file start-v9.txt (compact mmCIF, C-alpha atoms)
# COMPACT_ATOMS: atom_id res chain seq x y z
CA MET A 1 -28.53 54.41 -36.07
CA ARG A 2 -24.86 55.30 -36.42
CA ASP A 3 -22.94 53.29 -39.02
CA MET A 4 -24.52 49.97 -38.12
CA THR A 5 -24.70 46.72 -40.04
CA GLU A 6 -28.09 45.52 -41.25
CA THR A 7 -27.91 42.56 -38.84
CA ARG A 8 -27.23 44.86 -35.88
CA LYS A 9 -30.06 47.19 -36.90
CA ARG A 10 -32.40 44.21 -37.13
CA ILE A 11 -31.33 42.99 -33.68
CA LEU A 12 -31.74 46.44 -32.10
CA GLU A 13 -35.17 47.00 -33.66
CA TYR A 14 -36.33 43.58 -32.45
CA ILE A 15 -35.13 44.31 -28.91
CA GLN A 16 -36.90 47.69 -28.96
CA LYS A 17 -40.15 45.97 -29.94
CA ASN A 18 -39.62 43.13 -27.42
CA PRO A 19 -37.90 44.56 -24.33
CA GLY A 20 -36.79 41.88 -21.89
CA ILE A 21 -36.45 39.16 -24.53
CA THR A 22 -34.09 36.39 -23.51
CA PHE A 23 -30.85 35.78 -25.37
CA ARG A 24 -31.96 32.31 -26.52
CA LYS A 25 -35.37 33.53 -27.69
CA LEU A 26 -33.75 36.39 -29.61
CA ALA A 27 -31.36 33.97 -31.34
CA GLU A 28 -34.29 31.71 -32.20
CA GLU A 29 -36.61 34.50 -33.40
CA LEU A 30 -33.96 36.12 -35.60
CA ASN A 31 -32.50 32.80 -36.73
CA LEU A 32 -28.98 33.84 -35.73
CA GLY A 33 -26.14 31.72 -34.47
CA ILE A 34 -25.22 32.12 -30.79
CA GLY A 35 -21.70 33.41 -31.54
CA ASN A 36 -22.93 35.85 -34.17
CA LEU A 37 -25.67 37.20 -31.91
CA GLN A 38 -23.27 37.46 -28.95
CA TYR A 39 -20.85 39.52 -31.04
CA HIS A 40 -23.53 41.99 -32.19
CA LEU A 41 -25.04 42.28 -28.69
CA ASN A 42 -21.61 43.07 -27.25
CA VAL A 43 -21.15 45.88 -29.82
CA LEU A 44 -24.65 47.25 -29.13
CA GLU A 45 -24.08 47.14 -25.37
CA LYS A 46 -20.63 48.75 -25.66
CA ASN A 47 -22.23 51.58 -27.67
CA GLY A 48 -24.86 52.08 -24.96
CA LEU A 49 -27.81 51.07 -27.15
CA ILE A 50 -28.89 48.04 -25.11
CA LYS A 51 -28.52 46.66 -21.60
CA SER A 52 -28.62 43.08 -20.55
CA LYS A 53 -29.46 41.64 -17.19
CA LYS A 54 -29.00 38.08 -16.04
CA VAL A 55 -31.97 36.91 -14.00
CA GLY A 56 -32.51 33.33 -12.90
CA GLY A 57 -29.84 31.97 -15.23
CA LYS A 58 -31.31 33.70 -18.29
CA ARG A 59 -29.93 36.77 -20.00
CA HIS A 60 -32.64 39.36 -20.68
CA ILE A 61 -31.96 42.15 -23.15
CA PHE A 62 -33.51 45.62 -23.04
CA PRO A 63 -33.16 48.82 -25.04
CA ALA A 64 -31.01 51.23 -23.03
CA GLU A 65 -33.85 53.74 -22.65
CA PHE A 66 -36.29 51.16 -21.27
CA GLU A 67 -34.74 51.02 -17.83
CA ARG A 68 -34.53 54.81 -17.55
CA GLU A 69 -38.18 55.17 -18.57
CA TYR A 70 -39.38 52.77 -15.88
CA GLU A 71 -36.77 53.49 -13.21
CA ALA A 72 -39.23 55.13 -10.81
CA LEU A 73 -41.76 52.33 -11.30
CA LEU A 74 -39.04 49.76 -10.62
CA ARG A 75 -38.13 51.52 -7.38
CA VAL A 76 -41.68 51.61 -6.04
CA ILE A 77 -42.38 48.02 -7.09
CA SER A 78 -39.54 47.03 -4.76
CA ASN A 79 -41.56 48.28 -1.78
CA LYS A 80 -44.21 45.83 -0.54
CA THR A 81 -46.70 48.50 0.63
CA GLN A 82 -46.36 50.51 -2.56
CA ARG A 83 -46.88 47.35 -4.65
CA LYS A 84 -50.09 46.68 -2.72
CA ILE A 85 -51.24 50.26 -3.35
CA LEU A 86 -50.49 49.91 -7.07
CA LEU A 87 -52.47 46.68 -7.25
CA LEU A 88 -55.39 48.26 -5.43
CA LEU A 89 -55.35 51.31 -7.70
CA ALA A 90 -55.27 48.99 -10.70
CA THR A 91 -58.87 48.13 -9.78
CA GLY A 92 -59.83 51.83 -10.00
CA SER A 93 -59.27 55.26 -8.48
CA LYS A 94 -59.46 55.49 -4.69
CA THR A 95 -59.27 58.05 -1.90
CA GLN A 96 -56.58 57.85 0.75
CA THR A 97 -59.22 56.70 3.25
CA GLU A 98 -60.38 53.90 0.95
CA ILE A 99 -56.79 52.76 0.40
CA ALA A 100 -56.08 52.77 4.15
CA LYS A 101 -59.26 50.79 4.86
CA GLU A 102 -58.71 48.23 2.05
CA LEU A 103 -55.09 47.60 3.05
CA ASN A 104 -55.73 47.85 6.80
CA LEU A 105 -53.07 50.54 7.24
CA THR A 106 -53.08 53.89 9.01
CA GLN A 107 -53.81 57.15 7.19
CA ALA A 108 -50.29 58.33 8.07
CA THR A 109 -48.73 55.27 6.45
CA ILE A 110 -50.81 55.69 3.31
CA ASN A 111 -50.07 59.41 3.23
CA TYR A 112 -46.32 58.69 3.34
CA HIS A 113 -46.48 56.15 0.50
CA MET A 114 -48.84 58.23 -1.63
CA LYS A 115 -46.44 61.16 -1.37
CA ILE A 116 -43.65 58.94 -2.74
CA LEU A 117 -45.85 57.54 -5.51
CA ASN A 118 -46.95 61.05 -6.48
CA GLU A 119 -43.40 62.46 -6.43
CA ASN A 120 -42.29 59.60 -8.68
CA ASN A 121 -45.12 60.36 -11.11
CA ILE A 122 -46.71 56.92 -10.60
CA VAL A 123 -50.10 58.23 -9.46
CA GLU A 124 -52.18 61.33 -10.12
CA ARG A 125 -53.84 63.29 -7.35
CA GLU A 126 -57.14 65.05 -7.89
CA ARG A 127 -58.87 67.03 -5.18
CA ASP A 128 -62.61 66.39 -4.78
CA GLY A 129 -63.81 68.58 -1.95
CA LYS A 130 -62.12 67.33 1.22
CA ASN A 131 -60.93 64.14 -0.45
CA VAL A 132 -57.95 63.50 -2.66
CA ILE A 133 -58.57 60.84 -5.28
CA TYR A 134 -55.59 58.85 -6.50
CA THR A 135 -55.40 57.30 -9.96
CA LEU A 136 -52.69 55.08 -11.34
CA LYS A 137 -50.77 56.69 -14.23
CA TYR A 138 -49.61 53.34 -15.66
CA ASP A 139 -51.91 50.73 -17.04
CA ILE A 140 -51.82 47.37 -15.29
CA ASN A 141 -50.27 45.65 -18.32
CA THR A 142 -47.23 47.94 -18.14
CA ILE A 143 -46.83 47.24 -14.43
CA ILE A 144 -47.15 43.50 -15.01
CA ARG A 145 -44.59 43.63 -17.83
CA VAL A 146 -42.09 45.62 -15.78
CA ILE A 147 -42.46 43.31 -12.79
CA SER A 148 -42.17 40.15 -14.84
CA GLU A 149 -39.16 41.42 -16.78
CA TYR A 150 -37.21 43.21 -14.07
CA ARG A 151 -38.36 41.63 -10.84
CA PRO A 152 -39.39 38.07 -11.77
CA SER A 153 -38.75 36.85 -8.21
CA LEU A 154 -41.57 39.16 -7.07
CA TRP A 155 -43.94 37.69 -9.62
CA ASP A 156 -45.02 34.67 -7.53
CA LYS A 157 -45.41 36.78 -4.39
CA LEU A 158 -47.27 39.45 -6.30
CA SER A 159 -49.69 37.07 -7.96
CA ASP A 160 -50.46 35.52 -4.56
CA ASN A 161 -50.98 39.01 -3.08
CA LEU A 162 -53.21 40.04 -5.98
CA ILE A 163 -55.39 36.97 -5.60
CA ALA A 164 -55.65 37.49 -1.83
CA LEU A 165 -56.42 41.19 -2.27
CA LEU A 166 -59.10 40.59 -4.90
CA LEU A 167 -60.69 37.83 -2.80
CA GLU A 168 -60.65 40.12 0.22
CA ILE A 169 -62.20 43.02 -1.70
CA GLY A 170 -64.79 40.69 -3.22
CA GLY A 171 -65.61 39.28 0.22
CA ARG A 172 -66.15 42.75 1.68
CA LYS A 173 -68.54 43.68 -1.12
CA ASN A 174 -70.63 40.58 -0.32
CA ASP A 175 -70.88 41.49 3.40

call {"tool": "encode", "arguments": {"input": "start-v9.txt", "output": "structure tokens"}}
result
Amino acid sequence: MRDMTETRKRILEYIQKNPGITFRKLAEELNLGIGNLQYHLNVLEKNGLIKSKKVGGKRHIFPAEFEREYEALLRVISNKTQRKILLLLATGSKTQTEIAKELNLTQATINYHMKILNENNIVERERDGKNVIYTLKYDINTIIRVISEYRPSLWDKLSDNLIALLLEIGGRKND
């Protein structure tokens, strides 16, 4: 870690282990003064080792590589239909027909979105005879973490959608 002070190394390592930590929480956890922490964060950000993002009045700090690693996931999470597909696939692998039926969408619509998800390396496709089975490449905890850290405004909507989707799926199984 290029000619870095021990304090800066400690800050960077903590951010790498806790991506999305808020500025206040970081100061508290590392027992650093606000001014001291601000100085070191500015140096780290200037050197391209971290990124910060202000969301809802709070400054969240991430390792620079975190955003690049999850860039594709962040893009698809921004699309309502693709979020619904991700949530559905979080319950297990599904065929395109099953996804279309569960989400009450046309095969063409699902085909379009699955192509995007596959191209962005979010889902895996596996042919099983005439069917293509889709499996989520990310575990649900990673998706939840990325949504809560990068798109917190979606969190309330998403949790409502998840509850509705799970209730709907559960209701269909009881029919």

call {"tool": "residues_near_point", "arguments": {"input": "start-v9.txt", "point": "(-26.2, 47.1, -23.1)", "cutoff": "12 Å", "atoms": "all atoms listed in the file", "output": "ChimeraX atom specification"}}
result
/A:12,15,20,38,40-54,59-67

call {"tool": "write_last_selection", "arguments": {"input": "start-v9.txt", "atoms": "C-alpha atoms", "output": "PDB file, in the coordinates of the input"}}
result
ATOM      1  CA  LEU A  12     -31.740  46.440 -32.100  1.00  0.00           C
ATOM      2  CA  ILE A  15     -35.130  44.310 -28.910  1.00  0.00           C
ATOM      3  CA  GLY A  20     -36.790  41.880 -21.890  1.00  0.00           C
ATOM      4  CA  GLN A  38     -23.270  37.460 -28.950  1.00  0.00           C
ATOM      5  CA  HIS A  40     -23.530  41.990 -32.190  1.00  0.00           C
ATOM      6  CA  LEU A  41     -25.040  42.280 -28.690  1.00  0.00           C
ATOM      7  CA  ASN A  42     -21.610  43.070 -27.250  1.00  0.00           C
ATOM      8  CA  VAL A  43     -21.150  45.880 -29.820  1.00  0.00           C
ATOM      9  CA  LEU A  44     -24.650  47.250 -29.130  1.00  0.00           C
ATOM     10  CA  GLU A  45     -24.080  47.140 -25.370  1.00  0.00           C
ATOM     11  CA  LYS A  46     -20.630  48.750 -25.660  1.00  0.00           C
ATOM     12  CA  ASN A  47     -22.230  51.580 -27.670  1.00  0.00           C
ATOM     13  CA  GLY A  48     -24.860  52.080 -24.960  1.00  0.00           C
ATOM     14  CA  LEU A  49     -27.810  51.070 -27.150  1.00  0.00           C
ATOM     15  CA  ILE A  50     -28.890  48.040 -25.110  1.00  0.00           C
ATOM     16  CA  LYS A  51     -28.520  46.660 -21.600  1.00  0.00           C
ATOM     17  CA  SER A  52     -28.620  43.080 -20.550  1.00  0.00           C
ATOM     18  CA  LYS A  53     -29.460  41.640 -17.190  1.00  0.00           C
ATOM     19  CA  LYS A  54     -29.000  38.080 -16.040  1.00  0.00           C
ATOM     20  CA  ARG A  59     -29.930  36.770 -20.000  1.00  0.00           C
ATOM     21  CA  HIS A  60     -32.640  39.360 -20.680  1.00  0.00           C
ATOM     22  CA  ILE A  61     -31.960  42.150 -23.150  1.00  0.00           C
ATOM     23  CA  PHE A  62     -33.510  45.620 -23.040  1.00  0.00           C
ATOM     24  CA  PRO A  63     -33.160  48.820 -25.040  1.00  0.00           C
ATOM     25  CA  ALA A  64     -31.010  51.230 -23.030  1.00  0.00           C
ATOM     26  CA  GLU A  65     -33.850  53.740 -22.650  1.00  0.00           C
ATOM     27  CA  PHE A  66     -36.290  51.160 -21.270  1.00  0.00           C
ATOM     28  CA  GLU A  67     -34.740  51.020 -17.830  1.00  0.00           C
TER      29      GLU A  67
END

call {"tool": "atom_distance", "arguments": {"input": "start-v9.txt", "atom1": "CA of Val76 in chain A", "atom2": "CA of His113 in chain A"}}
result
9.3 Å

call {"tool": "atom_distance", "arguments": {"input": "start-v9.txt", "atom1": "CA of Ile77 in chain A", "atom2": "CA of Phe23 in chain A"}}
result
24.8 Å

call {"tool": "atom_distance", "arguments": {"input": "start-v9.txt", "atom1": "CA of Val123 in chain A", "atom2": "CA of Ile143 in chain A"}}
result
12.5 Å

call {"tool": "residues_around", "arguments": {"input": "start-v9.txt", "residues": "Asn79 in chain A", "least_positions_apart": "3", "cutoff": "12 Å", "atoms": "only C-alpha atoms", "output": "list in words"}}
result
Ala72, Leu73, Leu74, Arg75, Val76, Gln82, Arg83, Lys84, Ile85, Leu86, His113, Ile116, Leu117, Arg151, Leu154 and Leu158 of chain A

call {"tool": "closest_residue", "arguments": {"input": "start-v9.txt", "among": "A:Leu30, A:Leu37, A:Tyr134, A:Thr106", "to": "Leu88 in chain A", "atoms": "all atoms listed in the file"}}
result
A:Tyr134

call {"tool": "residues_around", "arguments": {"input": "start-v9.txt", "residues": "Ile133 in chain A", "least_positions_apart": "3", "cutoff": "8 Å", "atoms": "all atoms listed in the file", "output": "list in words"}}
result
Ser93, Lys94, Thr95, Gln96, Arg125, Glu126, Arg127 and Asp128 of chain A

call {"tool": "write_last_selection", "arguments": {"input": "start-v9.txt", "atoms": "C-alpha atoms", "output": "PDB file, keeping the file's coordinate frame"}}
result
ATOM      1  CA  SER A  93     -59.270  55.260  -8.480  1.00  0.00           C
ATOM      2  CA  LYS A  94     -59.460  55.490  -4.690  1.00  0.00           C
ATOM      3  CA  THR A  95     -59.270  58.050  -1.900  1.00  0.00           C
ATOM      4  CA  GLN A  96     -56.580  57.850   0.750  1.00  0.00           C
ATOM      5  CA  ARG A 125     -53.840  63.290  -7.350  1.00  0.00           C
ATOM      6  CA  GLU A 126     -57.140  65.050  -7.890  1.00  0.00           C
ATOM      7  CA  ARG A 127     -58.870  67.030  -5.180  1.00  0.00           C
ATOM      8  CA  ASP A 128     -62.610  66.390  -4.780  1.00  0.00           C
TER       9      ASP A 128
END

call {"tool": "closest_residue", "arguments": {"input": "start-v9.txt", "among": "A:Asn31, A:Thr81, A:Asn18, A:Thr142", "to": "Leu103 in chain A", "atoms": "all atoms listed in the file"}}
result
A:Thr81

call {"tool": "axis_aligned_box", "arguments": {"input": "start-v9.txt", "around": "range 25-43 of chain A", "padding_each_side": "6 Å", "output": "AutoDock Vina command-line options"}}
result
--center_x -28.7 --center_y 38.8 --center_z -32.0 --size_x 27.8 --size_y 26.2 --size_z 21.5
